[in-house]
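Engineer: So here's input.pdb, just PDB, C-alpha atoms:
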ATOM      1  CA  MET A  22      74.475 104.092 112.826
ATOM      2  CA  GLU A  23      71.434 105.349 110.958
ATOM      3  CA  PHE A  24      73.682 106.007 107.995
ATOM      4  CA  LEU A  25      75.054 102.440 108.082
ATOM      5  CA  ASP A  26      71.510 101.101 108.318
ATOM      6  CA  TRP A  27      70.547 103.194 105.323
ATOM      7  CA  LEU A  28      73.669 102.065 103.461
ATOM      8  CA  GLY A  29      72.896  98.400 104.095
ATOM      9  CA  HIS A  30      69.411  98.878 102.631
ATOM     10  CA  SER A  31      70.581 101.069  99.750
ATOM     11  CA  PRO A  32      70.702  99.518  96.254
ATOM     12  CA  LEU A  33      74.483  99.167  96.646
ATOM     13  CA  GLY A  34      74.280  97.405 100.020
ATOM     14  CA  VAL A  35      71.494  95.123  98.807
ATOM     15  CA  TRP A  36      73.412  94.358  95.600
ATOM     16  CA  VAL A  37      76.444  93.172  97.594
ATOM     17  CA  SER A  38      74.505  91.134 100.137
ATOM     18  CA  GLU A  39      71.858  89.588  97.863
ATOM     19  CA  TYR A  40      73.678  89.078  94.582
ATOM     20  CA  GLN A  41      75.846  86.001  95.150
ATOM     21  CA  LEU A  42      78.249  86.678  92.301
ATOM     22  CA  ALA A  43      78.942  90.179  93.639
ATOM     23  CA  TYR A  44      79.409  89.015  97.222
ATOM     24  CA  TYR A  45      81.747  86.118  96.456
ATOM     25  CA  GLY A  46      83.459  88.105  93.717
ATOM     26  CA  LEU A  47      84.258  90.807  96.274
ATOM     27  CA  LEU A  48      85.514  88.197  98.752
ATOM     28  CA  ALA A  49      87.713  86.692  96.017
ATOM     29  CA  GLY A  50      89.052  90.139  95.069
ATOM     30  CA  HIS A  51      89.726  90.818  98.752
ATOM     31  CA  ALA A  52      91.684  87.542  99.007
ATOM     32  CA  ILE A  53      93.730  88.430  95.902
ATOM     33  CA  GLY A  54      94.546  91.880  97.295
ATOM     34  CA  MET A  55      95.527  90.243 100.591
ATOM     35  CA  SER A  56      97.819  87.785  98.815
ATOM     36  CA  ILE A  57      99.559  90.698  97.051
ATOM     37  CA  VAL A  58      99.942  93.004 100.074
ATOM     38  CA  VAL A  59     100.688  90.404 102.740
ATOM     39  CA  GLY A  60     102.606  88.261 100.232
ATOM     40  CA  ILE A  61     105.010  91.129  99.535
ATOM     41  CA  VAL A  62     105.214  91.894 103.274
ATOM     42  CA  PHE A  63     106.074  88.217 103.962
ATOM     43  CA  ILE A  64     108.860  87.933 101.379
ATOM     44  CA  LEU A  65     110.315  91.295 102.418
ATOM     45  CA  GLY A  66     110.208  90.236 106.072
ATOM     46  CA  ALA A  67     111.769  86.875 105.245
ATOM     47  CA  ARG A  68     114.623  88.555 103.365
ATOM     48  CA  ILE A  69     115.320  91.007 106.199
ATOM     49  CA  LEU A  70     115.276  88.202 108.776
ATOM     50  CA  GLY A  71     117.953  86.362 106.798
ATOM     51  CA  PHE A  72     116.350  84.392 103.943
ATOM     52  CA  SER A  73     118.185  84.705 100.586
ATOM     53  CA  LYS A  74     120.787  87.141 101.990
ATOM     54  CA  ALA A  75     122.368  87.784  98.582
ATOM     55  CA  LEU A  76     119.258  89.618  97.387
ATOM     56  CA  PRO A  77     119.708  93.421  97.469
ATOM     57  CA  PHE A  78     116.850  95.187  99.360
ATOM     58  CA  GLU A  79     116.555  97.451  96.343
ATOM     59  CA  VAL A  80     114.640  94.707  94.482
ATOM     60  CA  PHE A  81     111.676  95.239  96.829
ATOM     61  CA  GLU A  82     111.496  98.913  95.862
ATOM     62  CA  GLN A  83     110.160  97.659  92.531
ATOM     63  CA  LEU A  84     107.258  95.970  94.333
ATOM     64  CA  TYR A  85     105.944  98.889  96.397
ATOM     65  CA  ARG A  86     103.676 100.135  93.626
ATOM     66  CA  LEU A  87     102.206  96.676  93.235
ATOM     67  CA  ALA A  88     101.712  96.493  97.012
ATOM     68  CA  TRP A  89      99.848  99.814  96.880
ATOM     69  CA  ALA A  90      97.706  98.474  94.025
ATOM     70  CA  GLY A  91      96.845  95.419  96.150
ATOM     71  CA  PHE A  92      96.016  97.715  99.051
ATOM     72  CA  GLY A  93      93.802  99.834  96.789
ATOM     73  CA  LEU A  94      91.972  96.707  95.620
ATOM     74  CA  ASN A  95      91.346  95.724  99.230
ATOM     75  CA  LEU A  96      90.236  99.170 100.266
ATOM     76  CA  LEU A  97      87.698  99.133  97.425
ATOM     77  CA  THR A  98      86.450  95.553  97.950
ATOM     78  CA  GLY A  99      86.533  96.103 101.713
ATOM     79  CA  LEU A 100      84.417  99.269 101.494
ATOM     80  CA  LEU A 101      81.872  97.498  99.275
ATOM     81  CA  LEU A 102      81.658  94.536 101.671
ATOM     82  CA  PHE A 103      81.331  97.043 104.513
ATOM     83  CA  ALA A 104      78.463  98.765 102.698
ATOM     84  CA  ALA A 105      76.444  95.549 102.878
ATOM     85  CA  ASN A 106      76.836  94.990 106.610
ATOM     86  CA  GLY A 107      78.502  98.049 108.137
ATOM     87  CA  ARG A 108      75.879  98.185 110.859
ATOM     88  CA  HIS A 109      77.184  94.974 112.413
ATOM     89  CA  LEU A 110      80.823  95.261 111.345
ATOM     90  CA  ILE A 111      81.267  98.573 113.149
ATOM     91  CA  GLU A 112      80.325  96.809 116.425
ATOM     92  CA  ASN A 113      82.369  93.680 115.700
ATOM     93  CA  ARG A 114      85.513  93.577 117.811
ATOM     94  CA  PRO A 115      87.581  91.337 115.465
ATOM     95  CA  PHE A 116      86.805  93.748 112.616
ATOM     96  CA  LEU A 117      88.014  96.748 114.636
ATOM     97  CA  LEU A 118      91.088  94.780 115.698
ATOM     98  CA  LYS A 119      91.784  93.870 112.069
ATOM     99  CA  LEU A 120      91.696  97.535 111.034
ATOM    100  CA  THR A 121      94.044  98.372 113.917
ATOM    101  CA  PHE A 122      96.485  95.603 112.924
ATOM    102  CA  ILE A 123      96.443  96.782 109.296
ATOM    103  CA  ALA A 124      97.155 100.381 110.348
ATOM    104  CA  LEU A 125     100.009  99.264 112.611
ATOM    105  CA  GLY A 126     101.232  96.804 109.966
ATOM    106  CA  GLY A 127     101.335  99.613 107.405
ATOM    107  CA  LEU A 128     103.193 101.803 109.869
ATOM    108  CA  THR A 129     105.859  99.133 110.453
ATOM    109  CA  LEU A 130     106.217  98.612 106.685
ATOM    110  CA  TRP A 131     106.856 102.336 106.304
ATOM    111  CA  ALA A 132     109.312 102.300 109.225
ATOM    112  CA  LEU A 133     111.120  99.289 107.770
ATOM    113  CA  THR A 134     111.464 100.971 104.380
ATOM    114  CA  ARG A 135     112.978 104.027 106.050
ATOM    115  CA  SER A 136     115.290 101.890 108.134
ATOM    116  CA  LEU A 137     116.455  99.948 105.065
ATOM    117  CA  ARG A 138     117.163 103.084 103.077
ATOM    118  CA  ALA A 139     119.399 104.216 105.935
ATOM    119  CA  GLU A 140     121.391 100.951 105.959
ATOM    120  CA  PRO A 141     125.080 101.676 105.291
ATOM    121  CA  THR A 142     125.594  98.438 103.340
ATOM    122  CA  GLY A 143     123.420  95.853 101.738
ATOM    123  CA  PHE A 144     120.920  98.094 100.042
ATOM    124  CA  ALA A 145     122.299  97.692  96.551
ATOM    125  CA  THR A 146     124.646  94.760  97.037
ATOM    126  CA  GLY A 147     122.903  92.318  99.368
ATOM    127  CA  GLY A 148     123.971  91.323 102.848
ATOM    128  CA  PRO A 149     122.572  91.177 106.384
ATOM    129  CA  ALA A 150     120.166  93.828 107.695
ATOM    130  CA  SER A 151     120.807  95.821 110.882
ATOM    131  CA  ALA A 152     119.355  94.663 114.206
ATOM    132  CA  ARG A 153     116.915  97.569 114.060
ATOM    133  CA  SER A 154     115.611  96.566 110.635
ATOM    134  CA  ARG A 155     115.293  92.949 111.770
ATOM    135  CA  SER A 156     113.263  93.928 114.854
ATOM    136  CA  ILE A 157     110.906  96.072 112.785
ATOM    137  CA  ALA A 158     110.557  93.270 110.223
ATOM    138  CA  LEU A 159     109.619  90.750 112.909
ATOM    139  CA  LEU A 160     107.020  93.105 114.372
ATOM    140  CA  MET A 161     105.670  93.759 110.862
ATOM    141  CA  LEU A 162     105.253  90.020 110.180
ATOM    142  CA  LEU A 163     103.438  89.503 113.493
ATOM    143  CA  LEU A 164     101.075  92.427 112.896
ATOM    144  CA  TRP A 165     100.093  91.323 109.383
ATOM    145  CA  THR A 166      99.607  87.741 110.575
ATOM    146  CA  ALA A 167      97.374  89.098 113.340
ATOM    147  CA  ALA A 168      95.413  91.028 110.690
ATOM    148  CA  ILE A 169      94.822  87.798 108.732
ATOM    149  CA  ILE A 170      93.699  85.931 111.856
ATOM    150  CA  SER A 171      91.316  88.643 113.014
ATOM    151  CA  GLY A 172      89.886  88.841 109.506
ATOM    152  CA  ARG A 173      89.063  85.141 109.663
ATOM    153  CA  VAL A 174      87.490  85.525 113.100
ATOM    154  CA  ILE A 175      85.049  88.130 111.704
ATOM    155  CA  ALA A 176      83.339  85.360 109.697
ATOM    156  CA  TYR A 177      82.582  83.486 112.932
ATOM    157  CA  THR A 178      81.444  86.422 115.053
ATOM    158  CA  ILE A 179      79.571  88.722 112.667
ATOM    159  CA  LYS A 180      75.791  89.048 112.620
ATOM    160  CA  TYR A 181      73.985  89.400 109.324
ATOM    161  CA  VAL A 182      71.041  91.695 108.786
TER
ATOM    162  CA  MET B  21      78.170  69.739  86.570
ATOM    163  CA  ASP B  22      79.580  66.250  86.932
ATOM    164  CA  VAL B  23      82.067  65.470  89.643
ATOM    165  CA  PRO B  24      84.479  62.511  89.830
ATOM    166  CA  LYS B  25      82.721  59.533  91.386
ATOM    167  CA  ILE B  26      84.261  58.555  94.701
ATOM    168  CA  SER B  27      82.654  55.600  96.454
ATOM    169  CA  PRO B  28      80.571  56.663  99.467
ATOM    170  CA  ALA B  29      82.307  53.935 101.481
ATOM    171  CA  ILE B  30      85.666  55.674 100.969
ATOM    172  CA  LEU B  31      84.222  59.085 101.823
ATOM    173  CA  ASP B  32      82.619  57.619 104.949
ATOM    174  CA  ALA B  33      85.887  56.031 105.980
ATOM    175  CA  ILE B  34      87.683  59.388 105.611
ATOM    176  CA  HIS B  35      84.839  61.108 107.455
ATOM    177  CA  ASP B  36      85.105  58.649 110.371
ATOM    178  CA  THR B  37      88.868  58.964 110.845
ATOM    179  CA  TRP B  38      90.178  60.296 114.143
ATOM    180  CA  LEU B  39      91.373  63.471 112.402
ATOM    181  CA  GLY B  40      88.023  64.156 110.748
ATOM    182  CA  GLU B  41      86.172  63.622 113.993
ATOM    183  CA  THR B  42      88.576  65.806 115.991
ATOM    184  CA  ILE B  43      88.221  68.736 113.581
ATOM    185  CA  ARG B  44      84.421  68.412 113.475
ATOM    186  CA  ASP B  45      84.086  68.171 117.237
ATOM    187  CA  SER B  46      86.082  71.319 117.929
ATOM    188  CA  ALA B  47      84.678  74.808 117.546
ATOM    189  CA  PHE B  48      88.197  76.197 117.123
ATOM    190  CA  LEU B  49      90.094  73.791 114.870
ATOM    191  CA  PHE B  50      88.330  74.549 111.577
ATOM    192  CA  PRO B  51      88.604  78.350 111.908
ATOM    193  CA  THR B  52      92.229  77.923 112.994
ATOM    194  CA  LEU B  53      92.941  75.811 109.908
ATOM    195  CA  GLU B  54      91.332  78.559 107.801
ATOM    196  CA  ALA B  55      93.630  81.199 109.286
ATOM    197  CA  VAL B  56      96.602  78.887 108.671
ATOM    198  CA  HIS B  57      95.390  78.344 105.070
ATOM    199  CA  PHE B  58      95.298  82.120 104.523
ATOM    200  CA  PHE B  59      98.765  82.496 106.038
ATOM    201  CA  GLY B  60     100.122  79.787 103.713
ATOM    202  CA  LEU B  61      98.341  81.409 100.781
ATOM    203  CA  CYS B  62     100.140  84.709 101.418
ATOM    204  CA  LEU B  63     103.506  82.950 101.742
ATOM    205  CA  LEU B  64     102.947  80.946  98.542
ATOM    206  CA  LEU B  65     101.646  83.888  96.519
ATOM    207  CA  GLY B  66     104.224  86.371  97.802
ATOM    208  CA  ALA B  67     107.109  84.087  96.878
ATOM    209  CA  MET B  68     105.572  83.153  93.515
ATOM    210  CA  LEU B  69     104.934  86.832  92.817
ATOM    211  CA  LEU B  70     108.644  87.648  93.153
ATOM    212  CA  VAL B  71     109.741  84.651  91.065
ATOM    213  CA  ASP B  72     107.049  85.010  88.385
ATOM    214  CA  LEU B  73     107.437  88.767  88.008
ATOM    215  CA  ARG B  74     111.188  88.203  87.607
ATOM    216  CA  LEU B  75     110.446  85.617  84.902
ATOM    217  CA  VAL B  76     107.993  87.928  83.150
ATOM    218  CA  GLY B  77     110.482  90.798  83.324
ATOM    219  CA  PHE B  78     108.379  93.140  85.473
ATOM    220  CA  VAL B  79     110.910  93.015  88.315
ATOM    221  CA  ARG B  80     114.646  93.076  87.689
ATOM    222  CA  GLY B  81     117.477  91.834  89.864
ATOM    223  CA  PRO B  82     119.974  89.015  90.365
ATOM    224  CA  ALA B  83     118.385  85.727  89.254
ATOM    225  CA  ARG B  84     119.868  83.294  91.774
ATOM    226  CA  PRO B  85     118.768  84.955  95.056
ATOM    227  CA  MET B  86     115.378  85.793  93.540
ATOM    228  CA  LEU B  87     114.674  82.268  92.303
ATOM    229  CA  THR B  88     115.630  80.970  95.780
ATOM    230  CA  PHE B  89     112.188  82.187  96.862
ATOM    231  CA  THR B  90     110.587  79.098  95.298
ATOM    232  CA  ARG B  91     111.595  77.425  98.583
ATOM    233  CA  LEU B  92     109.295  79.767 100.514
ATOM    234  CA  ALA B  93     106.569  79.038  97.956
ATOM    235  CA  ILE B  94     106.989  75.317  98.586
ATOM    236  CA  ALA B  95     106.749  75.937 102.343
ATOM    237  CA  GLY B  96     103.524  77.903 101.786
ATOM    238  CA  PHE B  97     102.199  75.132  99.561
ATOM    239  CA  ALA B  98     102.984  72.483 102.194
ATOM    240  CA  ILE B  99     101.134  74.526 104.844
ATOM    241  CA  ASN B 100      98.112  74.765 102.560
ATOM    242  CA  LEU B 101      98.192  71.134 101.521
ATOM    243  CA  LEU B 102      98.110  70.073 105.186
ATOM    244  CA  SER B 103      95.447  72.574 106.272
ATOM    245  CA  GLY B 104      93.485  71.716 103.117
ATOM    246  CA  ILE B 105      93.559  68.015 103.979
ATOM    247  CA  GLY B 106      92.158  69.054 107.362
ATOM    248  CA  PHE B 107      89.170  70.747 105.683
ATOM    249  CA  PHE B 108      88.571  67.747 103.433
ATOM    250  CA  VAL B 109      88.634  65.032 106.103
ATOM    251  CA  SER B 110      86.272  67.045 108.317
ATOM    252  CA  ASN B 111      83.575  66.937 105.609
ATOM    253  CA  PRO B 112      84.660  64.803 102.622
ATOM    254  CA  ALA B 113      81.226  64.406 101.002
ATOM    255  CA  ASN B 114      80.827  68.182 100.838
ATOM    256  CA  TYR B 115      84.093  68.761  98.988
ATOM    257  CA  ALA B 116      83.916  65.630  96.798
ATOM    258  CA  GLY B 117      80.439  66.680  95.653
ATOM    259  CA  ASN B 118      81.445  70.258  94.835
ATOM    260  CA  PRO B 119      82.472  70.774  91.164
ATOM    261  CA  LEU B 120      84.282  74.002  92.098
ATOM    262  CA  PHE B 121      86.489  72.004  94.471
ATOM    263  CA  TRP B 122      87.536  69.687  91.630
ATOM    264  CA  ILE B 123      88.215  72.609  89.292
ATOM    265  CA  LYS B 124      90.335  74.170  92.032
ATOM    266  CA  MET B 125      92.276  70.920  92.488
ATOM    267  CA  GLY B 126      92.747  70.655  88.710
ATOM    268  CA  LEU B 127      94.190  74.173  88.625
ATOM    269  CA  VAL B 128      96.461  73.407  91.606
ATOM    270  CA  LEU B 129      97.717  70.367  89.682
ATOM    271  CA  LEU B 130      98.382  72.486  86.570
ATOM    272  CA  ALA B 131     100.137  75.143  88.656
ATOM    273  CA  GLY B 132     102.233  72.379  90.265
ATOM    274  CA  LEU B 133     103.200  70.963  86.856
ATOM    275  CA  ASN B 134     104.119  74.484  85.761
ATOM    276  CA  VAL B 135     106.400  74.844  88.815
ATOM    277  CA  ALA B 136     107.922  71.425  88.048
ATOM    278  CA  TRP B 137     108.603  72.545  84.462
ATOM    279  CA  PHE B 138     110.231  75.678  85.823
ATOM    280  CA  GLU B 139     112.386  73.743  88.298
ATOM    281  CA  LEU B 140     113.505  71.061  85.822
ATOM    282  CA  ILE B 141     114.001  73.092  82.660
ATOM    283  CA  GLU B 142     113.799  76.877  82.983
ATOM    284  CA  ARG B 143     115.697  77.509  86.219
ATOM    285  CA  GLY B 144     119.011  76.220  84.888
ATOM    286  CA  ARG B 145     118.667  78.180  81.654
ATOM    287  CA  ILE B 146     117.905  81.420  83.465
ATOM    288  CA  LEU B 147     120.806  80.998  85.900
ATOM    289  CA  ALA B 148     123.096  80.451  82.894
ATOM    290  CA  LEU B 149     122.120  83.808  81.366
ATOM    291  CA  PRO B 150     124.544  86.728  81.702
ATOM    292  CA  GLU B 151     123.742  89.249  84.483
ATOM    293  CA  GLY B 152     120.966  91.668  83.469
ATOM    294  CA  ALA B 153     119.911  89.669  80.391
ATOM    295  CA  ASP B 154     116.229  89.531  79.422
ATOM    296  CA  THR B 155     114.476  86.222  80.172
ATOM    297  CA  PRO B 156     113.613  84.026  77.181
ATOM    298  CA  LYS B 157     110.018  84.012  75.875
ATOM    299  CA  ARG B 158     109.278  80.572  77.264
ATOM    300  CA  ALA B 159     110.283  81.623  80.785
ATOM    301  CA  LYS B 160     107.982  84.661  80.471
ATOM    302  CA  LEU B 161     105.155  82.310  79.514
ATOM    303  CA  VAL B 162     105.847  80.065  82.530
ATOM    304  CA  GLY B 163     105.767  83.100  84.845
ATOM    305  CA  ALA B 164     102.558  84.532  83.398
ATOM    306  CA  LEU B 165     100.850  81.126  83.466
ATOM    307  CA  SER B 166     101.902  80.632  87.084
ATOM    308  CA  LEU B 167     100.400  83.958  88.195
ATOM    309  CA  ALA B 168      97.160  83.312  86.284
ATOM    310  CA  LEU B 169      96.819  79.806  87.744
ATOM    311  CA  TRP B 170      97.530  80.707  91.376
ATOM    312  CA  PHE B 171      95.188  83.719  91.330
ATOM    313  CA  SER B 172      92.480  81.505  89.805
ATOM    314  CA  VAL B 173      93.037  79.003  92.613
ATOM    315  CA  ILE B 174      92.354  81.780  95.151
ATOM    316  CA  VAL B 175      89.187  82.854  93.353
ATOM    317  CA  LEU B 176      87.848  79.289  93.193
ATOM    318  CA  GLY B 177      88.663  78.759  96.852
ATOM    319  CA  ARG B 178      86.559  81.755  97.809
ATOM    320  CA  PHE B 179      83.706  80.598  95.576
ATOM    321  CA  LEU B 180      83.542  77.058  97.065
ATOM    322  CA  PRO B 181      80.652  77.898  99.451
ATOM    323  CA  VAL B 182      78.437  78.789  96.455
ATOM    324  CA  LEU B 183      78.043  75.087  95.613
ATOM    325  CA  GLY B 184      78.764  73.562  99.017
ATOM    326  CA  VAL B 185      79.856  74.642 102.467
ATOM    327  CA  GLY B 186      83.244  76.029 103.551
TER
END
Take the structure from the file and write it as C-alpha cells.
Structural biologist:
Amino acid sequence: MEFLDWLGHSPLGVWVSEYQLAYYGLLAGHAIGMSIVVGIVFILGARILGFSKALPFEVFEQLYRLAWAGFGLNLLTGLLLFAANGRHLIENRPFLLKLTFIALGGLTLWALTRSLRAEPTGFATGGPASARSRSIALLMLLLWTAAIISGRVIAYTIKYV
Amino acid sequence: MDVPKISPAILDAIHDTWLGETIRDSAFLFPTLEAVHFFGLCLLLGAMLLVDLRLVGFVRGPARPMLTFTRLAIAGFAINLLSGIGFFVSNPANYAGNPLFWIKMGLVLLAGLNVAWFELIERGRILALPEGADTPKRAKLVGALSLALWFSVIVLGRFLPVLGVG
C-alpha cells in the first residue's frame, strides 16, 4: 500500500494522472488492445459456435500472435494506468473481478486452442466443432464479456486521489 | 474548433424525449449502454480485423467464409449505432457541441463508405479470384484504410471527454 501510494505520487504516476494527453492516450490504447484481443476471441467463438462453418479453424492460428500483441499493449497501458491510481484500484472490487475474468478468459482460450487442435476433422477443412469445443467457446465468450462489463464498472466505482 | 450548427430547439426536443429522460433518470442505463457499446466495438473490430487482414494479405485462407464475417461487423455496428443514439439523446447539447464527436462521426461515415465500396465492388472481384491468389492492390488499400479508420474511431471515442462529458 505504501508502495502504491509512492507510485501514485512518483513522476510516472503524476504524469499519467495529470497530463491529459497521456491519460486519454493510455485509455485509447487500452481500448484498441481490447478490440484486438476480445475481437479475435469473439470471432473465434462465433466460428466455433457455428458461424461461417466453412472456415477452417487453422485460419485463427494466424491471429494468435496479433492477439498476444494486443494483450501486450493492454498489459503495458494497464500497468501505466494502474501506476496513477493503484492505491484505489487494488481495493476496487470490479477491478479485481476484471483481472479474474481476464485470467479465466485466457485460460479458456488456451483450453479451446488445445481442444481444436485435437479435433479429428474440421481443423484444416472447415466443418462443425465438437460439443466440448463449443462448450469451452461459450464459456470463453461469457468470461470476456464479463471482463468488459467489470472494466466499465470500474469507472463508476473508483476513487481518485 | 467550429462545430455544425444545430438549432437549440431541435437539441432541446431530442433532450426532452421519453428516451432521453429515461436514460438520464436512471443510474444504471448509461453505464449499461457503455458496456454494450464496448461489446459492439469488439464484435465490429474483431470481424473487420479478419476481413481487412485478409484483404491486406496478412492472413491467408478461403475468401468466401472469411468475407462472411462482414455480417458480424454489421451486427456490431448496429449495436453501437443504437447504444450511441442512447448516449446522444441523453445529452444532445454535450455531443453536438463537441468537435471531437463530429470528427468521430465523420470518420464513421468514411469507414461506412469504405465498407460500401468493398461490398459493391471489391467483394465480387475477390471471390472471383482463383484459390490462394494474392488480393489486388485496390483491395489491399480498402483493407488498410478500413483498419486505420476504425482504430481512429476508437481513439476519438475515448478522447470525447476531453472537450465534453462522456
Engineer: Exactly which residues make up the result of the ChimeraX specification (/A :<6) & /B on this file, given as a VMD selection string?
Structural biologist: chain B and resid 55 62 to 63 65 to 66 85 175 178 to 179
Engineer: Kindly save the residues from that selection, with C-alpha atoms included, as a JSON list (two decimals), in the frame of the given file.
Structural biologist:
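Printed below is part09.json as written:
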[["chain", "number", "residue", "atom", "x", "y", "z"],
["B", 55, "ALA", "CA", 93.63, 81.20, 109.29],
["B", 62, "CYS", "CA", 100.14, 84.71, 101.42],
["B", 63, "LEU", "CA", 103.51, 82.95, 101.74],
["B", 65, "LEU", "CA", 101.65, 83.89, 96.52],
["B", 66, "GLY", "CA", 104.22, 86.37, 97.80],
["B", 85, "PRO", "CA", 118.77, 84.96, 95.06],
["B", 175, "VAL", "CA", 89.19, 82.85, 93.35],
["B", 178, "ARG", "CA", 86.56, 81.76, 97.81],
["B", 179, "PHE", "CA", 83.71, 80.60, 95.58]]
Engineer: Report, in Å to a single decimal, how far apart atom CA of Gly77 of chain B and atom CA of Ser166 of chain B are.
Structural biologist: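 The value is 13.8 Å.
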Engineer: Could you tell me which residues the PyMOL selection byres ((chain A and resi 137) around 10) grabs in this file, written as a PDB file with C-alpha atoms, in the coordinates of the input?
Structural biologist:
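Generated file (selection08.pdb):
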ATOM      1  CA  ILE A  69     115.320  91.007 106.199  1.00  0.00           C
ATOM      2  CA  PHE A  78     116.850  95.187  99.360  1.00  0.00           C
ATOM      3  CA  GLU A  79     116.555  97.451  96.343  1.00  0.00           C
ATOM      4  CA  TRP A 131     106.856 102.336 106.304  1.00  0.00           C
ATOM      5  CA  ALA A 132     109.312 102.300 109.225  1.00  0.00           C
ATOM      6  CA  LEU A 133     111.120  99.289 107.770  1.00  0.00           C
ATOM      7  CA  THR A 134     111.464 100.971 104.380  1.00  0.00           C
ATOM      8  CA  ARG A 135     112.978 104.027 106.050  1.00  0.00           C
ATOM      9  CA  SER A 136     115.290 101.890 108.134  1.00  0.00           C
ATOM     10  CA  ARG A 138     117.163 103.084 103.077  1.00  0.00           C
ATOM     11  CA  ALA A 139     119.399 104.216 105.935  1.00  0.00           C
ATOM     12  CA  GLU A 140     121.391 100.951 105.959  1.00  0.00           C
ATOM     13  CA  PRO A 141     125.080 101.676 105.291  1.00  0.00           C
ATOM     14  CA  THR A 142     125.594  98.438 103.340  1.00  0.00           C
ATOM     15  CA  GLY A 143     123.420  95.853 101.738  1.00  0.00           C
ATOM     16  CA  PHE A 144     120.920  98.094 100.042  1.00  0.00           C
ATOM     17  CA  ALA A 150     120.166  93.828 107.695  1.00  0.00           C
ATOM     18  CA  SER A 151     120.807  95.821 110.882  1.00  0.00           C
ATOM     19  CA  ARG A 153     116.915  97.569 114.060  1.00  0.00           C
ATOM     20  CA  SER A 154     115.611  96.566 110.635  1.00  0.00           C
ATOM     21  CA  ARG A 155     115.293  92.949 111.770  1.00  0.00           C
TER      22      ARG A 155
END
Engineer: Interatomic distance between atom CA of Ile26 of chain B and atom CA of Gly184 of chain B?
Structural biologist: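 That distance, rounded to one decimal, is 16.6 Å.
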Engineer: Could you list the residues chosen by the PyMOL selection byres ((chain A and resi 164) around 12) in this structure as a PDB file with C-alpha atoms, in the coordinates of the input?
Structural biologist:
ATOM      1  CA  VAL A  59     100.688  90.404 102.740  1.00  0.00           C
ATOM      2  CA  VAL A  62     105.214  91.894 103.274  1.00  0.00           C
ATOM      3  CA  PHE A  63     106.074  88.217 103.962  1.00  0.00           C
ATOM      4  CA  GLY A  66     110.208  90.236 106.072  1.00  0.00           C
ATOM      5  CA  LEU A 118      91.088  94.780 115.698  1.00  0.00           C
ATOM      6  CA  LYS A 119      91.784  93.870 112.069  1.00  0.00           C
ATOM      7  CA  LEU A 120      91.696  97.535 111.034  1.00  0.00           C
ATOM      8  CA  THR A 121      94.044  98.372 113.917  1.00  0.00           C
ATOM      9  CA  PHE A 122      96.485  95.603 112.924  1.00  0.00           C
ATOM     10  CA  ILE A 123      96.443  96.782 109.296  1.00  0.00           C
ATOM     11  CA  ALA A 124      97.155 100.381 110.348  1.00  0.00           C
ATOM     12  CA  LEU A 125     100.009  99.264 112.611  1.00  0.00           C
ATOM     13  CA  GLY A 126     101.232  96.804 109.966  1.00  0.00           C
ATOM     14  CA  GLY A 127     101.335  99.613 107.405  1.00  0.00           C
ATOM     15  CA  LEU A 128     103.193 101.803 109.869  1.00  0.00           C
ATOM     16  CA  THR A 129     105.859  99.133 110.453  1.00  0.00           C
ATOM     17  CA  LEU A 130     106.217  98.612 106.685  1.00  0.00           C
ATOM     18  CA  ILE A 157     110.906  96.072 112.785  1.00  0.00           C
ATOM     19  CA  ALA A 158     110.557  93.270 110.223  1.00  0.00           C
ATOM     20  CA  LEU A 159     109.619  90.750 112.909  1.00  0.00           C
ATOM     21  CA  LEU A 160     107.020  93.105 114.372  1.00  0.00           C
ATOM     22  CA  MET A 161     105.670  93.759 110.862  1.00  0.00           C
ATOM     23  CA  LEU A 162     105.253  90.020 110.180  1.00  0.00           C
ATOM     24  CA  LEU A 163     103.438  89.503 113.493  1.00  0.00           C
ATOM     25  CA  TRP A 165     100.093  91.323 109.383  1.00  0.00           C
ATOM     26  CA  THR A 166      99.607  87.741 110.575  1.00  0.00           C
ATOM     27  CA  ALA A 167      97.374  89.098 113.340  1.00  0.00           C
ATOM     28  CA  ALA A 168      95.413  91.028 110.690  1.00  0.00           C
ATOM     29  CA  ILE A 169      94.822  87.798 108.732  1.00  0.00           C
ATOM     30  CA  ILE A 170      93.699  85.931 111.856  1.00  0.00           C
ATOM     31  CA  SER A 171      91.316  88.643 113.014  1.00  0.00           C
TER      32      SER A 171
END
